[in-house]
>>> print(open('coords07.cif').read())   # mmCIF, C-alpha atoms
data_run
loop_
_atom_site.group_PDB
_atom_site.id
_atom_site.type_symbol
_atom_site.label_atom_id
_atom_site.label_comp_id
_atom_site.auth_asym_id
_atom_site.auth_seq_id
_atom_site.Cartn_x
_atom_site.Cartn_y
_atom_site.Cartn_z
ATOM 1 C CA MET A 9 -5.909 -10.130 -22.859
ATOM 2 C CA GLN A 10 -8.211 -7.975 -20.785
ATOM 3 C CA ILE A 11 -5.786 -7.324 -17.945
ATOM 4 C CA LYS A 12 -2.767 -6.807 -20.124
ATOM 5 C CA HIS A 13 -4.763 -4.231 -22.030
ATOM 6 C CA LYS A 14 -5.744 -2.483 -18.818
ATOM 7 C CA VAL A 15 -2.141 -2.411 -17.670
ATOM 8 C CA MET A 16 -1.077 -0.980 -20.998
ATOM 9 C CA VAL A 17 -3.721 1.719 -20.856
ATOM 10 C CA ALA A 18 -2.661 2.611 -17.338
ATOM 11 C CA ALA A 19 0.980 2.592 -18.357
ATOM 12 C CA PHE A 20 0.229 4.982 -21.171
ATOM 13 C CA ALA A 21 -1.350 7.420 -18.764
ATOM 14 C CA VAL A 22 1.317 7.521 -16.093
ATOM 15 C CA GLY A 23 4.700 9.164 -16.206
ATOM 16 C CA THR A 24 8.000 8.079 -14.735
ATOM 17 C CA ALA A 25 8.227 8.184 -10.985
ATOM 18 C CA ALA A 26 11.577 9.871 -10.782
ATOM 19 C CA SER A 27 11.830 12.318 -13.630
ATOM 20 C CA MET A 28 8.394 13.885 -13.884
ATOM 21 C CA PRO A 29 6.256 15.878 -11.472
ATOM 22 C CA ALA A 30 3.931 13.932 -9.222
ATOM 23 C CA ALA A 31 0.872 14.975 -11.207
ATOM 24 C CA ALA A 32 2.193 13.094 -14.214
ATOM 25 C CA GLN A 33 1.916 9.809 -12.314
ATOM 26 C CA PHE A 34 -1.854 10.065 -12.401
ATOM 27 C CA GLN A 35 -4.201 10.251 -15.323
ATOM 28 C CA LYS A 36 -6.783 12.325 -13.459
ATOM 29 C CA PRO A 37 -7.233 13.961 -10.040
ATOM 30 C CA ALA A 38 -9.444 11.125 -8.779
ATOM 31 C CA ASP A 39 -6.599 8.670 -9.396
ATOM 32 C CA ALA A 40 -4.234 10.730 -7.260
ATOM 33 C CA ILE A 41 -6.797 10.900 -4.453
ATOM 34 C CA LYS A 42 -7.507 7.166 -4.590
ATOM 35 C CA TYR A 43 -3.799 6.374 -4.614
ATOM 36 C CA ARG A 44 -2.882 8.497 -1.611
ATOM 37 C CA GLN A 45 -5.925 7.360 0.402
ATOM 38 C CA SER A 46 -5.123 3.741 -0.400
ATOM 39 C CA ALA A 47 -1.522 4.136 0.693
ATOM 40 C CA PHE A 48 -2.641 5.695 3.989
ATOM 41 C CA THR A 49 -5.224 2.934 4.505
ATOM 42 C CA VAL A 50 -2.631 0.196 4.124
ATOM 43 C CA MET A 51 -0.092 2.070 6.238
ATOM 44 C CA GLY A 52 -2.637 2.716 8.982
ATOM 45 C CA ASN A 53 -3.587 -0.941 9.144
ATOM 46 C CA HIS A 54 0.004 -1.987 9.759
ATOM 47 C CA VAL A 55 0.617 0.839 12.223
ATOM 48 C CA SER A 56 -2.369 -0.472 14.159
ATOM 49 C CA ARG A 57 -0.954 -3.992 14.233
ATOM 50 C CA ILE A 58 2.176 -2.663 15.915
ATOM 51 C CA GLY A 59 0.043 -0.482 18.158
ATOM 52 C CA ALA A 60 -1.803 -3.531 19.424
ATOM 53 C CA MET A 61 1.474 -4.949 20.698
ATOM 54 C CA VAL A 62 2.838 -1.665 22.005
ATOM 55 C CA GLN A 63 -0.341 -1.184 23.994
ATOM 56 C CA ASN A 64 -0.290 -4.748 25.340
ATOM 57 C CA ARG A 65 -3.547 -5.652 23.664
ATOM 58 C CA VAL A 66 -1.996 -8.609 21.904
ATOM 59 C CA PRO A 67 1.140 -10.560 22.861
ATOM 60 C CA PHE A 68 4.375 -9.023 21.635
ATOM 61 C CA ASP A 69 5.977 -10.901 18.763
ATOM 62 C CA ALA A 70 9.241 -9.394 17.560
ATOM 63 C CA ALA A 71 9.077 -10.880 14.062
ATOM 64 C CA THR A 72 5.531 -9.635 13.540
ATOM 65 C CA ALA A 73 6.444 -6.183 14.798
ATOM 66 C CA LEU A 74 9.421 -6.023 12.439
ATOM 67 C CA ALA A 75 7.451 -7.224 9.419
ATOM 68 C CA ASN A 76 4.793 -4.610 10.055
ATOM 69 C CA ALA A 77 7.319 -1.852 10.748
ATOM 70 C CA GLU A 78 9.054 -2.519 7.439
ATOM 71 C CA ILE A 79 5.759 -2.337 5.596
ATOM 72 C CA VAL A 80 4.984 0.948 7.368
ATOM 73 C CA ALA A 81 8.391 2.359 6.406
ATOM 74 C CA THR A 82 7.838 1.426 2.753
ATOM 75 C CA LEU A 83 4.299 2.784 2.685
ATOM 76 C CA SER A 84 5.261 6.022 4.447
ATOM 77 C CA LYS A 85 7.078 7.180 1.332
ATOM 78 C CA LEU A 86 4.201 6.707 -1.063
ATOM 79 C CA PRO A 87 1.109 8.847 -0.380
ATOM 80 C CA TYR A 88 2.637 12.256 -0.936
ATOM 81 C CA ALA A 89 2.922 11.933 -4.699
ATOM 82 C CA GLY A 90 -0.868 11.881 -4.632
ATOM 83 C CA PHE A 91 -1.230 15.362 -3.157
ATOM 84 C CA VAL A 92 -1.512 16.926 -6.565
ATOM 85 C CA GLU A 93 -2.767 20.533 -6.814
ATOM 86 C CA GLY A 94 -6.541 20.747 -7.089
ATOM 87 C CA THR A 95 -7.337 17.476 -5.325
ATOM 88 C CA ALA A 96 -8.721 18.733 -2.012
ATOM 89 C CA GLU A 97 -12.408 18.774 -2.903
ATOM 90 C CA GLY A 98 -14.472 15.936 -1.537
ATOM 91 C CA THR A 99 -11.633 14.788 0.711
ATOM 92 C CA LYS A 100 -10.359 15.605 4.191
ATOM 93 C CA ALA A 101 -7.298 17.311 2.734
ATOM 94 C CA LYS A 102 -7.137 20.954 3.850
ATOM 95 C CA PRO A 103 -6.215 23.641 1.306
ATOM 96 C CA ALA A 104 -3.272 24.452 3.604
ATOM 97 C CA ILE A 105 -1.506 21.433 2.101
ATOM 98 C CA TRP A 106 -0.961 23.492 -1.015
ATOM 99 C CA SER A 107 -0.857 27.002 0.443
ATOM 100 C CA GLN A 108 1.763 25.884 3.007
ATOM 101 C CA ARG A 109 3.413 23.197 0.951
ATOM 102 C CA ALA A 110 6.860 23.544 2.530
ATOM 103 C CA LYS A 111 5.377 23.026 5.984
ATOM 104 C CA PHE A 112 3.362 20.057 4.737
ATOM 105 C CA ASP A 113 6.404 18.502 3.085
ATOM 106 C CA ALA A 114 8.400 18.963 6.290
ATOM 107 C CA ALA A 115 5.653 17.226 8.282
ATOM 108 C CA ALA A 116 5.639 14.374 5.771
ATOM 109 C CA SER A 117 9.392 14.079 6.033
ATOM 110 C CA THR A 118 9.219 13.939 9.827
ATOM 111 C CA MET A 119 6.668 11.144 9.649
ATOM 112 C CA GLN A 120 8.828 9.210 7.174
ATOM 113 C CA ASP A 121 11.870 9.623 9.408
ATOM 114 C CA ASN A 122 9.883 8.347 12.369
ATOM 115 C CA ALA A 123 8.625 5.384 10.354
ATOM 116 C CA ALA A 124 12.213 4.539 9.406
ATOM 117 C CA LYS A 125 13.239 4.828 13.064
ATOM 118 C CA LEU A 126 10.418 2.500 14.084
ATOM 119 C CA SER A 127 11.778 -0.027 11.629
ATOM 120 C CA VAL A 128 15.247 0.316 13.159
ATOM 121 C CA ALA A 129 13.779 -0.058 16.640
ATOM 122 C CA ALA A 130 11.849 -3.146 15.538
ATOM 123 C CA LYS A 131 15.107 -4.761 14.412
ATOM 124 C CA THR A 132 16.318 -4.708 18.029
ATOM 125 C CA GLY A 133 13.385 -6.857 19.065
ATOM 126 C CA ASP A 134 13.105 -4.744 22.216
ATOM 127 C CA LEU A 135 9.525 -3.774 22.992
ATOM 128 C CA ALA A 136 10.518 -0.709 25.029
ATOM 129 C CA GLN A 137 12.450 0.726 22.067
ATOM 130 C CA ILE A 138 9.601 -0.107 19.724
ATOM 131 C CA ARG A 139 7.145 1.594 22.052
ATOM 132 C CA THR A 140 9.206 4.788 22.146
ATOM 133 C CA ALA A 141 9.577 4.859 18.374
ATOM 134 C CA PHE A 142 5.894 4.086 17.927
ATOM 135 C CA GLY A 143 5.009 7.037 20.135
ATOM 136 C CA ALA A 144 7.119 9.364 18.035
ATOM 137 C CA LEU A 145 5.508 8.094 14.848
ATOM 138 C CA GLY A 146 2.039 8.533 16.314
ATOM 139 C CA ALA A 147 2.885 12.075 17.355
ATOM 140 C CA SER A 148 3.987 12.956 13.836
ATOM 141 C CA CYS A 149 0.783 11.465 12.392
ATOM 142 C CA LYS A 150 -1.233 13.582 14.818
ATOM 143 C CA ALA A 151 0.751 16.772 14.174
ATOM 144 C CA CYS A 152 0.189 16.567 10.432
ATOM 145 C CA HIS A 153 -3.471 15.610 10.765
ATOM 146 C CA ASP A 154 -4.063 18.542 13.123
ATOM 147 C CA ASP A 155 -2.706 21.005 10.590
ATOM 148 C CA PHE A 156 -3.644 19.498 7.276
ATOM 149 C CA ARG A 157 -6.607 17.164 7.680
ATOM 150 C CA GLU A 158 -10.246 18.002 8.376
ATOM 151 C CA MET B 6 -5.161 13.337 21.363
ATOM 152 C CA GLN B 7 -7.605 12.626 18.585
ATOM 153 C CA ILE B 8 -5.239 10.604 16.409
ATOM 154 C CA LYS B 9 -3.643 8.681 19.233
ATOM 155 C CA HIS B 10 -7.112 7.757 20.355
ATOM 156 C CA LYS B 11 -8.018 6.564 16.882
ATOM 157 C CA VAL B 12 -4.867 4.452 16.717
ATOM 158 C CA MET B 13 -5.646 2.947 20.092
ATOM 159 C CA VAL B 14 -9.189 2.128 19.068
ATOM 160 C CA ALA B 15 -7.917 0.522 15.889
ATOM 161 C CA ALA B 16 -5.230 -1.332 17.800
ATOM 162 C CA PHE B 17 -7.818 -2.693 20.129
ATOM 163 C CA ALA B 18 -9.778 -4.088 17.246
ATOM 164 C CA VAL B 19 -7.034 -5.847 15.340
ATOM 165 C CA GLY B 20 -5.249 -9.043 16.189
ATOM 166 C CA THR B 21 -1.653 -10.049 15.632
ATOM 167 C CA ALA B 22 -0.586 -10.504 12.062
ATOM 168 C CA ALA B 23 1.241 -13.759 12.579
ATOM 169 C CA SER B 24 -0.624 -15.719 15.189
ATOM 170 C CA MET B 25 -4.291 -15.128 14.437
ATOM 171 C CA PRO B 26 -6.474 -15.807 11.422
ATOM 172 C CA ALA B 27 -6.692 -13.086 8.803
ATOM 173 C CA ALA B 28 -10.209 -12.140 9.863
ATOM 174 C CA ALA B 29 -8.898 -11.059 13.240
ATOM 175 C CA GLN B 30 -6.872 -8.308 11.618
ATOM 176 C CA PHE B 31 -10.043 -6.452 10.746
ATOM 177 C CA GLN B 32 -12.765 -5.099 12.958
ATOM 178 C CA LYS B 33 -15.494 -5.570 10.376
ATOM 179 C CA PRO B 34 -15.906 -6.950 6.840
ATOM 180 C CA ALA B 35 -15.804 -3.471 5.284
ATOM 181 C CA ASP B 36 -12.342 -2.934 6.774
ATOM 182 C CA ALA B 37 -11.042 -6.105 5.150
ATOM 183 C CA ILE B 38 -12.500 -5.063 1.791
ATOM 184 C CA LYS B 39 -11.062 -1.549 2.013
ATOM 185 C CA TYR B 40 -7.662 -2.907 3.016
ATOM 186 C CA ARG B 41 -7.332 -5.404 0.193
ATOM 187 C CA GLN B 42 -8.646 -2.960 -2.416
ATOM 188 C CA SER B 43 -6.239 -0.300 -1.171
ATOM 189 C CA ALA B 44 -3.299 -2.676 -1.368
ATOM 190 C CA PHE B 45 -4.227 -3.622 -4.944
ATOM 191 C CA THR B 46 -4.661 0.061 -5.874
ATOM 192 C CA VAL B 47 -1.188 0.961 -4.651
ATOM 193 C CA MET B 48 0.358 -2.137 -6.209
ATOM 194 C CA GLY B 49 -1.345 -1.497 -9.540
ATOM 195 C CA ASN B 50 -0.082 2.060 -9.658
ATOM 196 C CA HIS B 51 3.506 0.930 -9.281
ATOM 197 C CA VAL B 52 3.075 -1.952 -11.723
ATOM 198 C CA SER B 53 1.883 0.628 -14.232
ATOM 199 C CA ARG B 54 4.948 2.770 -13.701
ATOM 200 C CA ILE B 55 7.153 -0.153 -14.642
ATOM 201 C CA GLY B 56 4.811 -0.981 -17.508
ATOM 202 C CA ALA B 57 5.325 2.475 -18.949
ATOM 203 C CA MET B 58 9.035 1.766 -19.261
ATOM 204 C CA VAL B 59 8.668 -1.815 -20.430
ATOM 205 C CA GLN B 60 6.358 -0.630 -23.186
ATOM 206 C CA ASN B 61 8.674 2.214 -24.182
ATOM 207 C CA ARG B 62 6.142 4.885 -23.318
ATOM 208 C CA VAL B 63 8.556 6.652 -21.001
ATOM 209 C CA PRO B 64 12.362 6.499 -21.000
ATOM 210 C CA PHE B 65 13.802 3.530 -19.118
ATOM 211 C CA ASP B 66 15.398 4.437 -15.824
ATOM 212 C CA ALA B 67 16.882 1.494 -13.962
ATOM 213 C CA ALA B 68 16.681 3.077 -10.503
ATOM 214 C CA THR B 69 13.038 4.020 -10.983
ATOM 215 C CA ALA B 70 12.218 0.541 -12.233
ATOM 216 C CA LEU B 71 13.912 -1.033 -9.223
ATOM 217 C CA ALA B 72 12.239 1.272 -6.713
ATOM 218 C CA ASN B 73 8.845 0.492 -8.187
ATOM 219 C CA ALA B 74 9.540 -3.246 -8.422
ATOM 220 C CA GLU B 75 10.477 -3.380 -4.746
ATOM 221 C CA ILE B 76 7.267 -1.598 -3.798
ATOM 222 C CA VAL B 77 5.307 -4.057 -5.950
ATOM 223 C CA ALA B 78 7.036 -7.022 -4.282
ATOM 224 C CA THR B 79 6.186 -5.668 -0.829
ATOM 225 C CA LEU B 80 2.597 -4.865 -1.739
ATOM 226 C CA SER B 81 2.044 -8.220 -3.450
ATOM 227 C CA LYS B 82 2.090 -9.945 -0.065
ATOM 228 C CA LEU B 83 -0.556 -7.794 1.557
ATOM 229 C CA PRO B 84 -4.007 -7.961 -0.019
ATOM 230 C CA TYR B 85 -4.789 -11.603 0.639
ATOM 231 C CA ALA B 86 -5.322 -11.197 4.377
ATOM 232 C CA GLY B 87 -8.316 -9.078 3.351
ATOM 233 C CA PHE B 88 -10.138 -11.913 1.591
ATOM 234 C CA VAL B 89 -12.063 -12.803 4.695
ATOM 235 C CA GLU B 90 -15.096 -15.108 4.362
ATOM 236 C CA GLY B 91 -18.297 -13.208 3.662
ATOM 237 C CA THR B 92 -16.712 -10.187 2.002
ATOM 238 C CA ALA B 93 -17.683 -10.736 -1.633
ATOM 239 C CA GLU B 94 -20.875 -8.684 -1.689
ATOM 240 C CA GLY B 95 -20.642 -5.279 -3.331
ATOM 241 C CA THR B 96 -17.188 -6.072 -4.677
ATOM 242 C CA LYS B 97 -15.745 -7.692 -7.789
ATOM 243 C CA ALA B 98 -14.585 -10.678 -5.742
ATOM 244 C CA LYS B 99 -16.168 -13.886 -7.053
ATOM 245 C CA PRO B 100 -17.525 -16.446 -4.571
ATOM 246 C CA ALA B 101 -15.035 -18.896 -6.118
ATOM 247 C CA ILE B 102 -12.342 -17.218 -4.004
ATOM 248 C CA TRP B 103 -13.811 -18.978 -1.012
ATOM 249 C CA SER B 104 -15.281 -22.106 -2.645
ATOM 250 C CA GLN B 105 -11.943 -22.798 -4.375
ATOM 251 C CA ARG B 106 -9.675 -21.286 -1.785
ATOM 252 C CA ALA B 107 -6.699 -23.588 -2.475
ATOM 253 C CA LYS B 108 -6.746 -22.598 -6.147
ATOM 254 C CA PHE B 109 -7.056 -18.933 -5.228
ATOM 255 C CA ASP B 110 -4.181 -19.160 -2.765
ATOM 256 C CA ALA B 111 -2.031 -20.876 -5.388
ATOM 257 C CA ALA B 112 -2.794 -18.096 -7.871
ATOM 258 C CA ALA B 113 -1.878 -15.502 -5.248
ATOM 259 C CA SER B 114 1.358 -17.326 -4.547
ATOM 260 C CA THR B 115 2.240 -17.404 -8.240
ATOM 261 C CA MET B 116 1.679 -13.660 -8.486
ATOM 262 C CA GLN B 117 3.833 -13.040 -5.416
ATOM 263 C CA ASP B 118 6.611 -15.211 -6.855
ATOM 264 C CA ASN B 119 6.446 -13.291 -10.107
ATOM 265 C CA ALA B 120 6.553 -9.970 -8.253
ATOM 266 C CA ALA B 121 9.644 -11.155 -6.391
ATOM 267 C CA LYS B 122 11.222 -12.220 -9.692
ATOM 268 C CA LEU B 123 10.474 -8.822 -11.198
ATOM 269 C CA SER B 124 12.330 -7.254 -8.296
ATOM 270 C CA VAL B 125 15.308 -9.555 -8.944
ATOM 271 C CA ALA B 126 15.207 -8.710 -12.646
ATOM 272 C CA ALA B 127 15.066 -4.995 -11.831
ATOM 273 C CA LYS B 128 18.265 -5.326 -9.815
ATOM 274 C CA THR B 129 20.115 -6.306 -13.005
ATOM 275 C CA GLY B 130 19.195 -2.978 -14.586
ATOM 276 C CA ASP B 131 18.601 -4.836 -17.855
ATOM 277 C CA LEU B 132 15.394 -3.759 -19.557
ATOM 278 C CA ALA B 133 15.026 -7.004 -21.487
ATOM 279 C CA GLN B 134 15.055 -9.037 -18.278
ATOM 280 C CA ILE B 135 12.647 -6.615 -16.650
ATOM 281 C CA ARG B 136 10.329 -6.874 -19.651
ATOM 282 C CA THR B 137 10.271 -10.676 -19.458
ATOM 283 C CA ALA B 138 9.585 -10.652 -15.727
ATOM 284 C CA PHE B 139 6.947 -7.957 -16.150
ATOM 285 C CA GLY B 140 5.178 -10.108 -18.736
ATOM 286 C CA ALA B 141 5.090 -13.051 -16.346
ATOM 287 C CA LEU B 142 3.689 -10.876 -13.580
ATOM 288 C CA GLY B 143 1.026 -9.452 -15.898
ATOM 289 C CA ALA B 144 0.054 -12.958 -16.947
ATOM 290 C CA SER B 145 -0.415 -14.021 -13.333
ATOM 291 C CA CYS B 146 -2.537 -10.938 -12.630
ATOM 292 C CA LYS B 147 -4.701 -11.794 -15.616
ATOM 293 C CA ALA B 148 -5.007 -15.489 -14.744
ATOM 294 C CA CYS B 149 -6.278 -14.724 -11.262
ATOM 295 C CA HIS B 150 -8.596 -11.951 -12.426
ATOM 296 C CA ASP B 151 -10.077 -14.258 -15.056
ATOM 297 C CA ASP B 152 -10.963 -16.867 -12.469
ATOM 298 C CA PHE B 153 -11.728 -14.851 -9.389
ATOM 299 C CA ARG B 154 -12.716 -11.299 -10.325
ATOM 300 C CA GLU B 155 -15.901 -10.098 -11.977
#
>>> encode(input="coords07.cif", output="structure tokens")
Amino acid sequence: MQIKHKVMVAAFAVGTAASMPAAAQFQKPADAIKYRQSAFTVMGNHVSRIGAMVQNRVPFDAATALANAEIVATLSKLPYAGFVEGTAEGTKAKPAIWSQRAKFDAAASTMQDNAAKLSVAAKTGDLAQIRTAFGALGASCKACHDDFRE
Amino acid sequence: MQIKHKVMVAAFAVGTAASMPAAAQFQKPADAIKYRQSAFTVMGNHVSRIGAMVQNRVPFDAATALANAEIVATLSKLPYAGFVEGTAEGTKAKPAIWSQRAKFDAAASTMQDNAAKLSVAAKTGDLAQIRTAFGALGASCKACHDDFRE
């Protein structure tokens, strides 16, 4: 019952996703950091798979682009719960994330909107539309990294 | 152009998701390891959020349960591409993953089916059904960990 026990312990530590502040989802700061970094790692991998097609480095496959775009859209919503106060140290997160939280949240929202639009573009199966949407998503990644990431 | 450049470099390294072997999705073994561990980290977090409700540690909220179950179902499909040959060292992955690959793949498939069923159960909004499906998912996590994880 090792795993079930682990799940139960974890479940005890976390809060509800919807009704409690983000910090309550994590037992300790390191968990929040690991969670957000993991979400970005997975998202980045799937962004890159679309990028390979957009940049003509691998053959375009509409179904693959759509599958990856939908994963990106799902993942785009996740990391921000992990930006709990007091979790900058030892990471690339700049203190500005917390001192300019409204600006950071707006940048996150822009990225999420662009990820959703990429998913919509991918549904058309039209590489030109996907390329445009991919460019917008990349620009919003860059904008936020410039301001909020070392 | 720092980020765009990084995306392009990453895009150059990866292959297509659908038409190439899993190994081609990753530039080096460490990338495959980081990807699969990240996917499991994110999935585990959202499993735990449902677990908290199933185990009556936080109030049941049907919408929260469903949102988390859908994330779990999406994430459940991702990690296995990262189990590239030669990526056991320094991780908890047992060599049996590769020496008994058909058994490992079957265990992964069972987990994915159970994650999908949890998502279906969550759509009913009925805690009892969610609890049953959650138990099945937990059992498939445990079964695979017992056989294939240190």
>>> atom_distance(input="coords07.cif", atom1="atom CA of Arg139 of chain A", atom2="atom CA of Pro87 of chain A")
24.3 Å
>>> residues_around(input="coords07.cif", residues="Thr118 of chain A", least_positions_apart="4", cutoff="12 Å", atoms="all atoms listed in the file", output="PyMOL selection string")
chain A and resi 84-85+111-114+122-125+144-152
>>> closest_residue(input="coords07.cif", among="A:His54, A:Ala38, A:Ala116, A:Gly59", to="chain B", atoms="only C-alpha atoms")
A:Gly59
>>> residues_near_point(input="coords07.cif", point="(-7.6, -7.3, -2.4)", cutoff="8 Å", atoms="only C-alpha atoms", output="ChimeraX atom specification")
/B:38,40-45,84-85,87-88
>>> closest_residue(input="coords07.cif", among="A:Ala141, A:Val92, A:Lys42, A:Ser127", to="Ile105 of chain A", atoms="only C-alpha atoms")
A:Val92
>>> atom_distance(input="coords07.cif", atom1="atom CA of Lys131 of chain A", atom2="atom CA of Thr49 of chain A")
23.9 Å
>>> atom_distance(input="coords07.cif", atom1="atom CA of Gln35 of chain A", atom2="atom CA of Arg54 of chain B")
11.9 Å
>>> closest_residue(input="coords07.cif", among="A:Met51, A:Leu135, A:Phe156, A:Gly143", to="Pro67 of chain A", atoms="all atoms listed in the file")
A:Leu135
>>> closest_residue(input="coords07.cif", among="A:His153, A:Glu158, A:Ala136, A:Ala104", to="chain B", atoms="all atoms listed in the file")
A:His153
>>> axis_aligned_box(input="coords07.cif", around="segment 76-79 of chain B", padding_each_side="5 Å", output="JSON")
{"center_x": 6.3, "center_y": -4.3, "center_z": -3.4, "size_x": 12.0, "size_y": 15.4, "size_z": 15.1}
>>> closest_residue(input="coords07.cif", among="A:Asp155, A:Ser107, A:Thr95, A:Leu83", to="Asp39 of chain A", atoms="all atoms listed in the file")
A:Thr95
>>> closest_residue(input="coords07.cif", among="B:Asp118, B:Asp151, B:Glu90, B:Asp131", to="chain A", atoms="only C-alpha atoms")
B:Asp151
>>> build_atoms(input="coords07.cif", residues="segment 62-79 of chain B", atoms="N, CA and C atoms", output="PDB file, keeping the file's coordinate frame")
ATOM      1  N   ARG B  62       6.974   3.676 -23.292  1.00  0.00           N
ATOM      2  CA  ARG B  62       6.142   4.885 -23.318  1.00  0.00           C
ATOM      3  C   ARG B  62       6.807   6.023 -22.559  1.00  0.00           C
ATOM      4  N   VAL B  63       7.693   5.665 -21.670  1.00  0.00           N
ATOM      5  CA  VAL B  63       8.556   6.652 -21.001  1.00  0.00           C
ATOM      6  C   VAL B  63       9.973   6.089 -21.049  1.00  0.00           C
ATOM      7  N   PRO B  64      10.976   6.974 -20.943  1.00  0.00           N
ATOM      8  CA  PRO B  64      12.362   6.499 -21.000  1.00  0.00           C
ATOM      9  C   PRO B  64      12.648   5.522 -19.859  1.00  0.00           C
ATOM     10  N   PHE B  65      13.413   4.500 -20.144  1.00  0.00           N
ATOM     11  CA  PHE B  65      13.802   3.530 -19.118  1.00  0.00           C
ATOM     12  C   PHE B  65      14.780   4.162 -18.142  1.00  0.00           C
ATOM     13  N   ASP B  66      14.474   3.994 -16.871  1.00  0.00           N
ATOM     14  CA  ASP B  66      15.398   4.437 -15.824  1.00  0.00           C
ATOM     15  C   ASP B  66      15.511   3.292 -14.826  1.00  0.00           C
ATOM     16  N   ALA B  67      16.701   2.725 -14.744  1.00  0.00           N
ATOM     17  CA  ALA B  67      16.882   1.494 -13.962  1.00  0.00           C
ATOM     18  C   ALA B  67      16.540   1.689 -12.492  1.00  0.00           C
ATOM     19  N   ALA B  68      16.936   2.836 -11.927  1.00  0.00           N
ATOM     20  CA  ALA B  68      16.681   3.077 -10.503  1.00  0.00           C
ATOM     21  C   ALA B  68      15.187   3.204 -10.230  1.00  0.00           C
ATOM     22  N   THR B  69      14.488   3.882 -11.138  1.00  0.00           N
ATOM     23  CA  THR B  69      13.038   4.020 -10.983  1.00  0.00           C
ATOM     24  C   THR B  69      12.350   2.664 -11.102  1.00  0.00           C
ATOM     25  N   ALA B  70      12.796   1.879 -12.052  1.00  0.00           N
ATOM     26  CA  ALA B  70      12.218   0.541 -12.233  1.00  0.00           C
ATOM     27  C   ALA B  70      12.418  -0.302 -10.975  1.00  0.00           C
ATOM     28  N   LEU B  71      13.613  -0.239 -10.420  1.00  0.00           N
ATOM     29  CA  LEU B  71      13.912  -1.033  -9.223  1.00  0.00           C
ATOM     30  C   LEU B  71      13.081  -0.566  -8.031  1.00  0.00           C
ATOM     31  N   ALA B  72      13.018   0.744  -7.844  1.00  0.00           N
ATOM     32  CA  ALA B  72      12.239   1.272  -6.713  1.00  0.00           C
ATOM     33  C   ALA B  72      10.782   0.822  -6.814  1.00  0.00           C
ATOM     34  N   ASN B  73      10.238   0.908  -8.011  1.00  0.00           N
ATOM     35  CA  ASN B  73       8.845   0.492  -8.187  1.00  0.00           C
ATOM     36  C   ASN B  73       8.684  -1.018  -8.025  1.00  0.00           C
ATOM     37  N   ALA B  74       9.634  -1.778  -8.525  1.00  0.00           N
ATOM     38  CA  ALA B  74       9.540  -3.246  -8.422  1.00  0.00           C
ATOM     39  C   ALA B  74       9.594  -3.690  -6.961  1.00  0.00           C
ATOM     40  N   GLU B  75      10.396  -3.002  -6.165  1.00  0.00           N
ATOM     41  CA  GLU B  75      10.477  -3.380  -4.746  1.00  0.00           C
ATOM     42  C   GLU B  75       9.186  -3.035  -4.010  1.00  0.00           C
ATOM     43  N   ILE B  76       8.573  -1.933  -4.385  1.00  0.00           N
ATOM     44  CA  ILE B  76       7.267  -1.598  -3.798  1.00  0.00           C
ATOM     45  C   ILE B  76       6.230  -2.651  -4.203  1.00  0.00           C
ATOM     46  N   VAL B  77       6.252  -3.038  -5.469  1.00  0.00           N
ATOM     47  CA  VAL B  77       5.307  -4.057  -5.950  1.00  0.00           C
ATOM     48  C   VAL B  77       5.503  -5.369  -5.188  1.00  0.00           C
ATOM     49  N   ALA B  78       6.760  -5.758  -4.985  1.00  0.00           N
ATOM     50  CA  ALA B  78       7.036  -7.022  -4.282  1.00  0.00           C
ATOM     51  C   ALA B  78       6.505  -6.963  -2.848  1.00  0.00           C
ATOM     52  N   THR B  79       6.703  -5.829  -2.194  1.00  0.00           N
ATOM     53  CA  THR B  79       6.186  -5.668  -0.829  1.00  0.00           C
ATOM     54  C   THR B  79       4.659  -5.704  -0.817  1.00  0.00           C
TER      55      THR B  79
END
